[in-house]
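One file, entry-v3.cif, carrying mmCIF, C-alpha atoms:
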```cif
data_model
loop_
_atom_site.label_atom_id
_atom_site.label_comp_id
_atom_site.auth_asym_id
_atom_site.auth_seq_id
_atom_site.Cartn_x
_atom_site.Cartn_y
_atom_site.Cartn_z
CA MET Z 1 -49.86 -58.38 112.67
CA ALA Z 2 -48.20 -55.12 111.91
CA GLU Z 3 -46.29 -54.97 108.68
CA ALA Z 4 -42.62 -54.30 109.11
CA THR Z 5 -40.62 -52.34 106.57
CA VAL Z 6 -37.39 -54.09 105.82
CA PRO Z 7 -34.72 -51.64 104.69
CA HIS Z 8 -32.83 -52.77 101.62
CA ASP Z 9 -29.27 -51.60 101.29
CA THR Z 10 -28.87 -52.05 97.53
CA SER Z 11 -25.18 -51.14 97.61
CA ALA Z 12 -24.55 -54.27 99.67
CA ALA Z 13 -26.63 -56.44 97.33
CA TYR Z 14 -24.44 -55.78 94.29
CA GLU Z 15 -20.73 -56.09 93.85
CA PRO Z 16 -19.09 -52.97 92.43
CA SER Z 17 -18.64 -53.14 88.66
CA LEU Z 18 -15.28 -54.58 87.66
CA PHE Z 19 -15.17 -52.15 84.74
CA GLY Z 20 -16.21 -49.09 86.77
CA THR Z 21 -19.09 -48.21 84.48
CA TYR Z 22 -22.78 -48.95 83.94
CA SER Z 23 -23.95 -52.27 82.52
CA LYS Z 24 -25.41 -50.89 79.24
CA LYS Z 25 -22.00 -49.58 78.28
CA ILE Z 26 -20.28 -52.86 79.15
CA GLY Z 27 -22.90 -54.69 77.08
CA MET Z 28 -22.23 -52.46 74.08
CA TRP Z 29 -18.46 -52.94 74.44
CA LEU Z 30 -18.93 -56.73 74.50
CA PHE Z 31 -21.10 -56.53 71.37
CA LEU Z 32 -18.50 -54.36 69.64
CA LEU Z 33 -15.71 -56.79 70.56
CA SER Z 34 -17.66 -59.66 69.00
CA ASP Z 35 -18.52 -57.53 65.95
CA SER Z 36 -14.86 -56.60 65.51
CA LEU Z 37 -14.15 -60.31 65.10
CA THR Z 38 -16.82 -60.51 62.36
CA PHE Z 39 -15.12 -57.68 60.48
CA GLY Z 40 -11.72 -59.13 61.35
CA ALA Z 41 -12.72 -62.42 59.68
CA LEU Z 42 -13.96 -60.59 56.56
CA LEU Z 43 -10.81 -58.45 56.33
CA TYR Z 44 -8.69 -61.57 56.79
CA ALA Z 45 -10.63 -63.36 54.04
CA TYR Z 46 -9.98 -60.42 51.71
CA SER Z 47 -6.27 -60.31 52.64
CA TYR Z 48 -5.95 -64.11 52.37
CA GLY Z 49 -7.33 -64.00 48.84
CA ARG Z 50 -5.01 -61.21 47.93
CA ILE Z 51 -1.88 -62.93 49.27
CA SER Z 52 -2.71 -66.36 47.89
CA LEU Z 53 -3.47 -64.98 44.39
CA GLY Z 54 -0.27 -62.94 44.30
CA SER Z 55 0.12 -60.84 41.15
CA SER Z 56 -3.21 -62.08 39.69
CA TRP Z 57 -5.01 -59.81 42.17
CA GLN Z 58 -6.57 -56.87 40.41
CA THR Z 59 -6.19 -53.17 41.12
CA PRO Z 60 -9.39 -51.85 39.55
CA PHE Z 61 -9.87 -48.61 41.50
CA HIS Z 62 -9.08 -45.59 39.38
CA SER Z 63 -8.57 -42.15 40.91
CA GLU Z 64 -12.33 -41.42 40.68
CA SER Z 65 -13.04 -44.32 43.08
CA ILE Z 66 -10.21 -43.26 45.40
CA VAL Z 67 -11.50 -39.65 45.55
CA ASN Z 68 -15.02 -40.95 46.23
CA ALA Z 69 -13.76 -43.25 49.03
CA THR Z 70 -11.68 -40.40 50.52
CA ILE Z 71 -14.77 -38.16 50.66
CA MET Z 72 -16.70 -41.03 52.27
CA THR Z 73 -13.91 -41.30 54.88
CA ALA Z 74 -14.15 -37.56 55.58
CA PHE Z 75 -17.93 -37.93 56.03
CA LEU Z 76 -17.45 -40.70 58.60
CA LEU Z 77 -14.69 -38.87 60.50
CA THR Z 78 -16.85 -35.73 60.65
CA SER Z 79 -19.81 -37.79 61.84
CA SER Z 80 -17.67 -39.08 64.70
CA LEU Z 81 -16.89 -35.50 65.73
CA THR Z 82 -20.58 -34.51 65.66
CA MET Z 83 -21.39 -37.67 67.66
CA VAL Z 84 -18.91 -36.62 70.36
CA PHE Z 85 -20.66 -33.24 70.51
CA ALA Z 86 -24.03 -35.01 70.82
CA VAL Z 87 -22.69 -36.92 73.84
CA ARG Z 88 -21.33 -33.64 75.29
CA ALA Z 89 -24.71 -31.96 74.82
CA SER Z 90 -26.47 -34.91 76.50
CA VAL Z 91 -24.23 -34.83 79.60
CA HIS Z 92 -24.85 -31.08 79.84
CA ARG Z 93 -28.59 -31.86 79.59
CA ASP Z 94 -28.98 -29.68 76.49
CA ALA Z 95 -31.75 -31.65 74.75
CA LYS Z 96 -32.03 -29.32 71.76
CA MET Z 97 -28.31 -29.42 70.89
CA GLN Z 98 -28.24 -33.17 71.56
CA THR Z 99 -30.94 -33.70 68.92
CA LEU Z 100 -29.27 -31.31 66.47
CA TRP Z 101 -25.85 -33.00 66.80
CA LEU Z 102 -27.45 -36.41 66.43
CA LEU Z 103 -29.23 -35.23 63.27
CA ALA Z 104 -25.90 -33.86 61.96
CA THR Z 105 -24.30 -37.26 62.61
CA MET Z 106 -27.16 -39.00 60.81
CA THR Z 107 -26.79 -36.64 57.84
CA CYS Z 108 -23.07 -37.46 57.53
CA GLY Z 109 -23.86 -41.19 57.86
CA ALA Z 110 -26.59 -40.95 55.22
CA GLY Z 111 -24.15 -39.07 52.96
CA PHE Z 112 -21.67 -41.92 53.37
CA VAL Z 113 -24.32 -44.51 52.44
CA VAL Z 114 -25.48 -42.51 49.39
CA LEU Z 115 -21.89 -42.09 48.10
CA HIS Z 116 -21.18 -45.76 48.73
CA GLY Z 117 -24.40 -46.77 46.97
CA ARG Z 118 -23.51 -44.61 43.99
CA GLU Z 119 -20.07 -46.22 43.80
CA TRP Z 120 -21.54 -49.74 44.01
CA SER Z 121 -24.02 -48.89 41.25
CA ASN Z 122 -21.22 -47.56 38.99
CA LEU Z 123 -19.08 -50.66 39.57
CA ILE Z 124 -22.01 -53.01 38.92
CA ALA Z 125 -22.97 -51.11 35.74
CA GLN Z 126 -19.38 -51.46 34.53
CA GLY Z 127 -19.39 -55.21 35.10
CA LEU Z 128 -17.71 -55.58 38.50
CA THR Z 129 -20.57 -57.55 39.96
CA LEU Z 130 -21.68 -60.76 41.65
CA PRO Z 131 -23.65 -63.56 39.96
CA MET Z 132 -26.55 -62.92 42.37
CA PHE Z 133 -26.94 -59.31 41.19
CA PRO Z 134 -29.24 -58.87 38.14
CA ALA Z 135 -27.56 -57.64 34.93
CA VAL Z 136 -27.89 -53.93 34.22
CA PRO Z 137 -29.86 -53.52 30.96
CA GLY Z 138 -28.26 -51.38 28.26
CA HIS Z 139 -24.73 -51.62 29.72
CA ALA Z 140 -22.24 -53.83 27.91
CA GLY Z 141 -19.76 -53.41 30.77
CA ASN Z 142 -16.15 -52.36 30.92
CA PRO Z 143 -13.90 -55.16 29.53
CA GLU Z 144 -11.40 -54.51 32.35
CA PHE Z 145 -14.00 -55.15 35.06
CA LEU Z 146 -15.54 -58.09 33.20
CA GLY Z 147 -12.03 -59.57 33.12
CA VAL Z 148 -11.66 -59.13 36.89
CA VAL Z 149 -14.93 -60.98 37.53
CA LYS Z 150 -13.84 -63.83 35.24
CA SER Z 151 -10.22 -64.23 36.33
CA VAL Z 152 -10.43 -63.32 40.05
CA PRO Z 153 -14.01 -63.95 41.27
CA GLN Z 154 -12.69 -63.73 44.84
CA PHE Z 155 -12.20 -59.99 44.36
CA PRO Z 156 -15.87 -58.98 43.83
CA ALA Z 157 -17.01 -61.66 46.32
CA THR Z 158 -14.89 -60.34 49.19
CA PHE Z 159 -15.26 -56.68 48.14
CA PHE Z 160 -19.07 -56.71 48.10
CA THR Z 161 -19.35 -58.83 51.27
CA LEU Z 162 -16.98 -56.64 53.26
CA THR Z 163 -18.21 -53.24 52.09
CA GLY Z 164 -21.85 -54.44 52.09
CA MET Z 165 -21.57 -55.57 55.70
CA HIS Z 166 -20.09 -52.21 56.63
CA MET Z 167 -22.79 -50.31 54.70
CA LEU Z 168 -25.43 -52.33 56.56
CA HIS Z 169 -23.82 -51.36 59.88
CA VAL Z 170 -23.78 -47.66 58.92
CA THR Z 171 -27.44 -47.82 57.79
CA LEU Z 172 -28.51 -49.48 61.05
CA GLY Z 173 -26.39 -46.93 62.94
CA VAL Z 174 -28.32 -44.08 61.28
CA VAL Z 175 -31.60 -45.80 62.29
CA TYR Z 176 -30.30 -46.29 65.86
CA LEU Z 177 -29.36 -42.60 66.17
CA GLY Z 178 -32.70 -41.61 64.64
CA VAL Z 179 -34.57 -43.56 67.32
CA VAL Z 180 -32.43 -42.01 70.09
CA ALA Z 181 -32.87 -38.49 68.64
CA LEU Z 182 -36.53 -38.50 67.60
CA ARG Z 183 -38.02 -41.60 69.31
CA ARG Z 184 -41.53 -42.39 67.96
CA LYS Z 185 -41.42 -39.53 65.47
CA PHE Z 186 -38.63 -41.32 63.59
CA ILE Z 187 -40.74 -44.35 62.62
CA PRO Z 188 -42.88 -42.56 59.98
CA VAL Z 189 -39.70 -40.87 58.66
CA LEU Z 190 -38.10 -44.29 58.32
CA LEU Z 191 -41.15 -45.66 56.49
CA VAL Z 192 -41.07 -42.72 54.04
CA LEU Z 193 -37.33 -43.33 53.47
CA TRP Z 194 -38.00 -47.02 52.83
CA LEU Z 195 -40.75 -46.26 50.33
CA ALA Z 196 -38.64 -43.62 48.58
CA ALA Z 197 -35.58 -45.91 48.38
CA TRP Z 198 -37.71 -48.79 47.07
CA LEU Z 199 -39.51 -46.72 44.44
CA ILE Z 200 -36.55 -44.62 43.26
CA THR Z 201 -34.04 -47.44 42.76
CA PRO Z 202 -34.48 -49.45 39.52
CA SER Z 203 -35.60 -53.07 39.83
CA TYR Z 204 -32.19 -54.43 38.70
CA SER Z 205 -30.35 -52.56 41.47
CA PRO Z 206 -29.39 -54.54 44.61
CA PHE Z 207 -30.57 -51.48 46.59
CA HIS Z 208 -34.12 -52.06 45.30
CA TYR Z 209 -34.22 -55.15 47.53
CA GLY Z 210 -31.73 -53.81 50.08
CA ALA Z 211 -34.17 -50.96 50.84
CA HIS Z 212 -36.31 -53.50 52.70
CA VAL Z 213 -33.72 -53.36 55.49
CA LEU Z 214 -35.30 -49.97 56.31
CA LEU Z 215 -38.76 -51.57 56.53
CA LEU Z 216 -37.44 -54.27 58.84
CA ALA Z 217 -35.64 -51.62 60.92
CA ALA Z 218 -38.88 -49.58 61.11
CA ILE Z 219 -40.82 -52.62 62.40
CA VAL Z 220 -38.19 -53.52 65.01
CA SER Z 221 -37.75 -49.86 66.10
CA GLY Z 222 -41.53 -49.45 66.26
CA VAL Z 223 -41.89 -52.47 68.54
CA ILE Z 224 -39.09 -51.17 70.79
CA VAL Z 225 -40.35 -47.58 71.14
CA TRP Z 226 -43.97 -48.66 71.66
CA LEU Z 227 -43.21 -51.43 74.14
CA LYS Z 228 -40.70 -49.41 76.13
CA PRO Z 229 -41.29 -45.69 75.57
CA LYS Z 230 -38.67 -43.57 77.31
CA VAL Z 231 -36.68 -40.38 77.05
CA TYR Z 232 -33.16 -41.41 76.16
CA ASP Z 233 -30.64 -39.98 78.63
CA SER Z 234 -26.89 -39.33 78.39
CA SER Z 235 -26.03 -42.99 79.00
CA ASP Z 236 -28.16 -44.03 75.99
CA VAL Z 237 -26.54 -41.38 73.80
CA GLU Z 238 -23.06 -42.44 74.92
CA VAL Z 239 -23.79 -46.12 74.17
CA ALA Z 240 -25.18 -45.18 70.73
CA GLY Z 241 -22.02 -43.12 70.23
CA LEU Z 242 -19.83 -46.15 70.96
CA TYR Z 243 -21.58 -48.05 68.17
CA TRP Z 244 -21.23 -45.13 65.78
CA HIS Z 245 -17.49 -44.67 66.46
CA PHE Z 246 -17.03 -48.40 65.92
CA VAL Z 247 -18.37 -48.26 62.34
CA ASP Z 248 -15.99 -45.34 61.76
CA LEU Z 249 -13.13 -47.39 63.24
CA VAL Z 250 -13.81 -50.38 60.97
CA TRP Z 251 -13.76 -48.12 57.90
CA MET Z 252 -10.25 -46.95 58.91
CA PHE Z 253 -9.08 -50.49 57.99
CA ILE Z 254 -11.39 -51.13 55.01
CA PHE Z 255 -10.37 -47.89 53.27
CA PRO Z 256 -6.60 -48.61 53.03
CA LEU Z 257 -6.85 -52.39 52.66
CA VAL Z 258 -9.59 -52.51 50.04
CA TYR Z 259 -9.34 -49.19 48.19
CA LEU Z 260 -5.83 -47.80 48.57
CA MET Z 261 -4.09 -51.18 48.20
CA SER Z 262 -6.14 -51.83 45.03
CA ALA Z 263 -5.70 -48.37 43.47
CA ARG Z 264 -4.78 -48.33 39.80
CA ILE Z 265 -1.50 -46.40 39.64
CA LEU Z 266 -0.83 -45.01 36.21
CA PRO Z 267 2.82 -45.48 35.07
CA THR Z 268 4.84 -42.28 35.34
CA MET Y 1 -32.20 -48.51 85.41
CA ASP Y 2 -31.81 -49.25 89.09
CA ALA Y 3 -30.38 -46.73 91.53
CA ILE Y 4 -26.83 -48.04 91.36
CA GLN Y 5 -26.77 -47.95 87.56
CA ILE Y 6 -28.16 -44.40 87.59
CA ALA Y 7 -25.48 -43.33 90.08
CA ILE Y 8 -22.70 -44.85 87.96
CA ALA Y 9 -24.14 -43.26 84.80
CA GLU Y 10 -24.26 -39.89 86.53
CA ARG Y 11 -20.62 -40.23 87.63
CA VAL Y 12 -19.59 -41.12 84.06
CA ALA Y 13 -21.56 -38.12 82.74
CA GLU Y 14 -19.79 -35.89 85.28
CA GLU Y 15 -16.42 -37.09 83.94
CA HIS Y 16 -17.54 -36.24 80.39
CA ARG Y 17 -18.45 -32.68 81.43
CA HIS Y 18 -14.77 -31.93 82.15
CA HIS Y 19 -13.59 -32.71 78.61
CA GLY Y 20 -13.12 -29.63 76.46
CA LYS Y 21 -14.20 -29.40 72.83
CA ALA Y 22 -10.73 -28.42 71.59
CA GLN Y 23 -9.14 -31.86 72.05
CA PHE Y 24 -11.86 -33.45 69.89
CA PHE Y 25 -11.18 -30.94 67.10
CA TRP Y 26 -7.46 -31.81 67.33
CA VAL Y 27 -8.21 -35.54 67.09
CA TRP Y 28 -10.56 -34.98 64.14
CA GLY Y 29 -7.92 -32.85 62.39
CA ALA Y 30 -5.23 -35.47 63.05
CA LEU Y 31 -7.47 -38.19 61.60
CA LEU Y 32 -8.09 -36.14 58.44
CA VAL Y 33 -4.36 -35.41 58.05
CA LEU Y 34 -3.48 -39.10 58.51
CA THR Y 35 -6.08 -40.00 55.87
CA ALA Y 36 -4.55 -37.47 53.47
CA ILE Y 37 -1.09 -38.99 54.11
CA GLU Y 38 -2.48 -42.46 53.33
CA VAL Y 39 -3.89 -41.25 49.99
CA TYR Y 40 -0.59 -39.48 49.18
CA LEU Y 41 1.41 -42.66 49.93
CA THR Y 42 -0.88 -44.66 47.63
CA TYR Y 43 0.36 -42.70 44.62
CA GLN Y 44 4.07 -42.99 45.49
CA ASN Y 45 4.37 -46.25 43.52
CA MET Y 46 6.21 -48.14 46.27
CA PRO Y 47 6.42 -51.94 46.70
CA ALA Y 48 3.15 -53.46 47.97
CA ILE Y 49 4.61 -54.85 51.21
CA ARG Y 50 6.16 -51.52 52.18
CA MET Y 51 2.96 -49.64 51.34
CA LEU Y 52 0.89 -52.15 53.32
CA THR Y 53 3.20 -51.65 56.32
CA TYR Y 54 2.87 -47.85 56.17
CA LEU Y 55 -0.91 -47.93 55.63
CA MET Y 56 -1.52 -50.40 58.44
CA GLY Y 57 0.74 -48.40 60.76
CA LEU Y 58 -1.24 -45.23 60.03
CA SER Y 59 -4.54 -47.12 60.40
CA LEU Y 60 -3.49 -48.39 63.82
CA ILE Y 61 -2.68 -44.82 64.91
CA LYS Y 62 -6.11 -43.69 63.63
CA ALA Y 63 -7.79 -46.61 65.42
CA ALA Y 64 -5.99 -45.72 68.67
CA LEU Y 65 -7.15 -42.08 68.38
CA ILE Y 66 -10.77 -43.12 67.76
CA ILE Y 67 -10.84 -45.72 70.56
CA GLY Y 68 -8.93 -43.55 73.02
CA PHE Y 69 -10.64 -40.18 72.55
CA PHE Y 70 -13.92 -40.64 70.68
CA MET Y 71 -14.84 -43.94 72.37
CA HIS Y 72 -13.50 -42.58 75.64
CA LEU Y 73 -11.46 -45.69 76.50
CA ARG Y 74 -8.50 -43.48 77.50
CA TYR Y 75 -10.54 -42.28 80.49
CA GLU Y 76 -11.84 -45.70 81.58
CA ILE Y 77 -10.31 -47.66 84.44
CA SER Y 78 -7.43 -50.10 83.77
CA PRO Y 79 -9.42 -53.39 83.88
CA MET Y 80 -11.79 -52.03 81.22
CA LYS Y 81 -8.89 -50.94 78.98
CA TRP Y 82 -6.85 -54.09 79.33
CA LEU Y 83 -9.59 -56.72 79.21
CA THR Y 84 -11.30 -55.25 76.15
CA MET Y 85 -8.19 -54.53 74.13
CA SER Y 86 -6.20 -57.65 75.06
CA SER Y 87 -9.15 -59.96 74.28
CA VAL Y 88 -9.75 -58.56 70.80
CA VAL Y 89 -6.04 -58.33 69.96
CA GLY Y 90 -5.58 -61.92 71.22
CA CYS Y 91 -8.36 -63.19 68.94
CA LEU Y 92 -6.94 -61.32 65.93
CA ILE Y 93 -3.48 -62.78 66.62
CA LEU Y 94 -5.02 -66.27 66.70
CA MET Y 95 -6.69 -65.59 63.33
CA THR Y 96 -3.34 -64.46 61.92
CA ILE Y 97 -1.61 -67.61 63.17
CA PHE Y 98 -4.23 -69.83 61.53
CA PHE Y 99 -4.82 -68.00 58.23
CA PHE Y 100 -1.66 -66.52 56.88
CA PRO Y 101 0.89 -69.33 56.81
CA ASP Y 102 -1.46 -71.17 54.46
CA ALA Y 103 -1.87 -68.12 52.20
CA PHE Y 104 1.91 -67.76 51.91
CA ARG Y 105 2.25 -71.52 51.29
CA ILE Y 106 -0.13 -71.27 48.32
CA LEU Y 107 1.88 -68.33 47.02
CA SER Y 108 5.13 -70.28 47.25
CA LEU Y 109 3.49 -73.17 45.38
CA GLY Y 110 3.04 -70.80 42.46
CA ALA Y 111 -0.76 -70.59 42.43
CA LYS Y 112 -2.01 -69.03 39.21
#
```
Show me, as structure tokens, the structure contained in the file I just sent.
Amino acid sequence: MAEATVPHDTSAAYEPSLFGTYSKKIGMWLFLLSDSLTFGALLYAYSYGRISLGSSWQTPFHSESIVNATIMTAFLLTSSLTMVFAVRASVHRDAKMQTLWLLATMTCGAGFVVLHGREWSNLIAQGLTLPMFPAVPGHAGNPEFLGVVKSVPQFPATFFTLTGMHMLHVTLGVVYLGVVALRRKFIPVLLVLWLAAWLITPSYSPFHYGAHVLLLAAIVSGVIVWLKPKVYDSSDVEVAGLYWHFVDLVWMFIFPLVYLMSARILPT
Amino acid sequence: MDAIQIAIAERVAEEHRHHGKAQFFWVWGALLVLTAIEVYLTYQNMPAIRMLTYLMGLSLIKAALIIGFFMHLRYEISPMKWLTMSSVVGCLILMTIFFFPDAFRILSLGAK
């Protein structure tokens, strides 16, 4: 019997997208909506603590912390601009510029994480810490910060949870962009970064253990790029960009709520 | 990706090609200026509630700029805009309804 070729009209098989865009992008938007509720809950927990404790809430951030957080904000805003240019380069099929803009975005993101890590380390050394963090040897701590931990333990608890969750998102965002920009070549880079972060940070630092996030990310990224090797096109870059802009967006609420509202204003 | 997804992605990419660089520089500049205003307001020693209102107002403007221009939602079709934004705003309003009356009640009870 002769084989007949049955024509398939795929346009009839699928309904047009309700959202007028491709499914990967809709999937990322749905993830971001759910993630915004995670951050919403953490921001609400922080605000709830602040309102319910009234005047007992502390304002421990001196101008040095505010300047540091402002520079971090500038890093994130600039990274969003470079990410937009990476998407532009990808839709114009300029692979070289796409990679360069993605690397620029990753650099700004890494700068944000380094500044944030430095700030965390300073706060922990001065006594603004959590019980789960090891004590810093040789540092008696600042009596002001030790007082905050004793009288308002909700402050360090919500501060470290909220900013730690955001720092984790930025770190994973840098890894995500690295995979999109460099594909397999990024895995050894990630392993070197993990080893460097693990060896450079002292054993009492939370980042000594936190560095293992990079190892985990390297394993997961390795599995993905080896199981499904592909050249990432403009749709992949745009979806990665959505994630990156989201972490920038969340910081636009953390910065005023956590830092500016808790700034120590010197009496004039 | 199947053929339909590739076709949609290509159409979306074509829309992106028509956006000039200048508007993104303007948005970036506006975001930096708004951030500078926030930091300036912080040191004006105003009552906490008023400062919170100003800061959240500015943050909402910044969020709208990021979502609209950088995340490209301004150029998406209406169902995409309305369903995404109304669902997340609805959930955040529900959280507000549940959380904050209790926080204010504790405050009025004189929690130390």
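Using only C-alpha atoms, one finds that the residues of chain Z close to chain Y, at 6 Å or less, are Phe19, Tyr22, Tyr48, Ile51, Ser52, Val91, Leu242, Leu249, Met252 and Leu260 of chain Z.
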Practice prompt. Given the file shown, enumerate the residues that the PyMOL selection byres ((chain Z and resi 39) around 12) captures and present them as a PyMOL selection string.
Written response: (chain Z and resi 32-38+40-46+158+161-166+169+246-247+249-254) or (chain Y and resi 88+92+95)
Item to complete: For the structure provided, state which residues fall under the PyMOL selection byres ((chain Z and resi 136-140) around 6), and present them as a count of residues only.
Response: 3
Discussion item. What's the separation between atom CA of Asn142 of chain Z and atom CA of Gln126 of chain Z, in Å to one decimal place?
Written reply: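 So the two atoms, atom CA of Asn142 of chain Z and atom CA of Gln126 of chain Z, lie 4.9 Å apart.
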Item to complete: Run through the PyMOL selection byres ((chain Z and resi 81-88) around 6) on the given coordinates and return the selected residues as a PyMOL selection string.
Response: chain Z and resi 78-80+89-91+98+101-102+105+237-238
Item to complete: Select, counting all atoms listed in the file, all protein, DNA and RNA residues no farther than 12 Å from (-15.0, -60.9, 34.9) in file coordinates, and express the selection as a list in words.
Response: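 I get Gln58, Pro60, Leu123, Ile124, Gln126, Gly127, Leu128, Thr129, Leu130, Pro131, Gly141, Asn142, Pro143, Glu144, Phe145, Leu146, Gly147, Val148, Val149, Lys150, Ser151, Val152, Pro153, Gln154, Phe155, Pro156 and Ala157 of chain Z for the residues within 12 Å of that point.
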Could you take the residues named above and write them with C-alpha atoms, as an mmCIF file, in the frame of the given file?
```cif
data_model
loop_
_atom_site.group_PDB
_atom_site.id
_atom_site.type_symbol
_atom_site.label_atom_id
_atom_site.label_comp_id
_atom_site.auth_asym_id
_atom_site.auth_seq_id
_atom_site.Cartn_x
_atom_site.Cartn_y
_atom_site.Cartn_z
ATOM 1 C CA GLN Z 58 -6.570 -56.870 40.410
ATOM 2 C CA PRO Z 60 -9.390 -51.850 39.550
ATOM 3 C CA LEU Z 123 -19.080 -50.660 39.570
ATOM 4 C CA ILE Z 124 -22.010 -53.010 38.920
ATOM 5 C CA GLN Z 126 -19.380 -51.460 34.530
ATOM 6 C CA GLY Z 127 -19.390 -55.210 35.100
ATOM 7 C CA LEU Z 128 -17.710 -55.580 38.500
ATOM 8 C CA THR Z 129 -20.570 -57.550 39.960
ATOM 9 C CA LEU Z 130 -21.680 -60.760 41.650
ATOM 10 C CA PRO Z 131 -23.650 -63.560 39.960
ATOM 11 C CA GLY Z 141 -19.760 -53.410 30.770
ATOM 12 C CA ASN Z 142 -16.150 -52.360 30.920
ATOM 13 C CA PRO Z 143 -13.900 -55.160 29.530
ATOM 14 C CA GLU Z 144 -11.400 -54.510 32.350
ATOM 15 C CA PHE Z 145 -14.000 -55.150 35.060
ATOM 16 C CA LEU Z 146 -15.540 -58.090 33.200
ATOM 17 C CA GLY Z 147 -12.030 -59.570 33.120
ATOM 18 C CA VAL Z 148 -11.660 -59.130 36.890
ATOM 19 C CA VAL Z 149 -14.930 -60.980 37.530
ATOM 20 C CA LYS Z 150 -13.840 -63.830 35.240
ATOM 21 C CA SER Z 151 -10.220 -64.230 36.330
ATOM 22 C CA VAL Z 152 -10.430 -63.320 40.050
ATOM 23 C CA PRO Z 153 -14.010 -63.950 41.270
ATOM 24 C CA GLN Z 154 -12.690 -63.730 44.840
ATOM 25 C CA PHE Z 155 -12.200 -59.990 44.360
ATOM 26 C CA PRO Z 156 -15.870 -58.980 43.830
ATOM 27 C CA ALA Z 157 -17.010 -61.660 46.320
#
```
Residues near Ala217 of chain Z, cut-off 12 Å, all atoms listed in the file, skip fewer than 4 positions along chain, as a PDB file with C-alpha atoms, keeping the file's coordinate frame:
```
ATOM      1  CA  LEU Z 168     -25.430 -52.330  56.560  1.00  0.00           C
ATOM      2  CA  HIS Z 169     -23.820 -51.360  59.880  1.00  0.00           C
ATOM      3  CA  THR Z 171     -27.440 -47.820  57.790  1.00  0.00           C
ATOM      4  CA  LEU Z 172     -28.510 -49.480  61.050  1.00  0.00           C
ATOM      5  CA  GLY Z 173     -26.390 -46.930  62.940  1.00  0.00           C
ATOM      6  CA  VAL Z 174     -28.320 -44.080  61.280  1.00  0.00           C
ATOM      7  CA  VAL Z 175     -31.600 -45.800  62.290  1.00  0.00           C
ATOM      8  CA  TYR Z 176     -30.300 -46.290  65.860  1.00  0.00           C
ATOM      9  CA  GLY Z 178     -32.700 -41.610  64.640  1.00  0.00           C
ATOM     10  CA  VAL Z 179     -34.570 -43.560  67.320  1.00  0.00           C
ATOM     11  CA  PHE Z 186     -38.630 -41.320  63.590  1.00  0.00           C
ATOM     12  CA  ILE Z 187     -40.740 -44.350  62.620  1.00  0.00           C
ATOM     13  CA  PRO Z 188     -42.880 -42.560  59.980  1.00  0.00           C
ATOM     14  CA  VAL Z 189     -39.700 -40.870  58.660  1.00  0.00           C
ATOM     15  CA  LEU Z 190     -38.100 -44.290  58.320  1.00  0.00           C
ATOM     16  CA  LEU Z 191     -41.150 -45.660  56.490  1.00  0.00           C
ATOM     17  CA  LEU Z 193     -37.330 -43.330  53.470  1.00  0.00           C
ATOM     18  CA  TRP Z 194     -38.000 -47.020  52.830  1.00  0.00           C
ATOM     19  CA  GLY Z 210     -31.730 -53.810  50.080  1.00  0.00           C
ATOM     20  CA  ALA Z 211     -34.170 -50.960  50.840  1.00  0.00           C
ATOM     21  CA  HIS Z 212     -36.310 -53.500  52.700  1.00  0.00           C
ATOM     22  CA  VAL Z 213     -33.720 -53.360  55.490  1.00  0.00           C
ATOM     23  CA  SER Z 221     -37.750 -49.860  66.100  1.00  0.00           C
ATOM     24  CA  GLY Z 222     -41.530 -49.450  66.260  1.00  0.00           C
ATOM     25  CA  VAL Z 223     -41.890 -52.470  68.540  1.00  0.00           C
ATOM     26  CA  ILE Z 224     -39.090 -51.170  70.790  1.00  0.00           C
ATOM     27  CA  VAL Z 225     -40.350 -47.580  71.140  1.00  0.00           C
TER      28      VAL Z 225
END
```
Listed atoms of segment 200-212 of chain Z, axis-aligned box, 6 Å per side: centre and edge lengths to one decimal in Å, as JSON?
```
{"center_x": -33.0, "center_y": -49.9, "center_z": 45.7, "size_x": 19.2, "size_y": 22.5, "size_z": 26.0}
```
Worksheet item: What is the distance, in Å and to one decimal place, between atom CA of Thr53 of chain Y and atom CA of Phe112 of chain Z?
Response: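 Atom CA of Phe112 of chain Z lies 26.9 Å from atom CA of Thr53 of chain Y.
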Practice prompt. For atom CA of Met132 of chain Z and atom CA of Ala197 of chain Z, quote the distance in Å rounded to one decimal.
Written response: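 Computing it gives 20.2 Å between the two atoms.
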Please identify all polymer residues lying at most 10 Å from the point (-9.2, -41.8, 45.5) (file coordinates), using all atoms listed in the file, and present the result as a short mmCIF file (atom, residue, chain, number, x, y, z; two decimals) with C-alpha atoms, in the coordinates of the input.
```
data_model
loop_
_atom_site.label_atom_id
_atom_site.label_comp_id
_atom_site.auth_asym_id
_atom_site.auth_seq_id
_atom_site.Cartn_x
_atom_site.Cartn_y
_atom_site.Cartn_z
CA PHE Z 61 -9.87 -48.61 41.50
CA HIS Z 62 -9.08 -45.59 39.38
CA SER Z 63 -8.57 -42.15 40.91
CA GLU Z 64 -12.33 -41.42 40.68
CA SER Z 65 -13.04 -44.32 43.08
CA ILE Z 66 -10.21 -43.26 45.40
CA VAL Z 67 -11.50 -39.65 45.55
CA ASN Z 68 -15.02 -40.95 46.23
CA ALA Z 69 -13.76 -43.25 49.03
CA THR Z 70 -11.68 -40.40 50.52
CA ILE Z 71 -14.77 -38.16 50.66
CA PHE Z 255 -10.37 -47.89 53.27
CA TYR Z 259 -9.34 -49.19 48.19
CA LEU Z 260 -5.83 -47.80 48.57
CA ALA Z 263 -5.70 -48.37 43.47
CA ARG Z 264 -4.78 -48.33 39.80
CA VAL Y 39 -3.89 -41.25 49.99
CA TYR Y 40 -0.59 -39.48 49.18
CA THR Y 42 -0.88 -44.66 47.63
CA TYR Y 43 0.36 -42.70 44.62
#
```
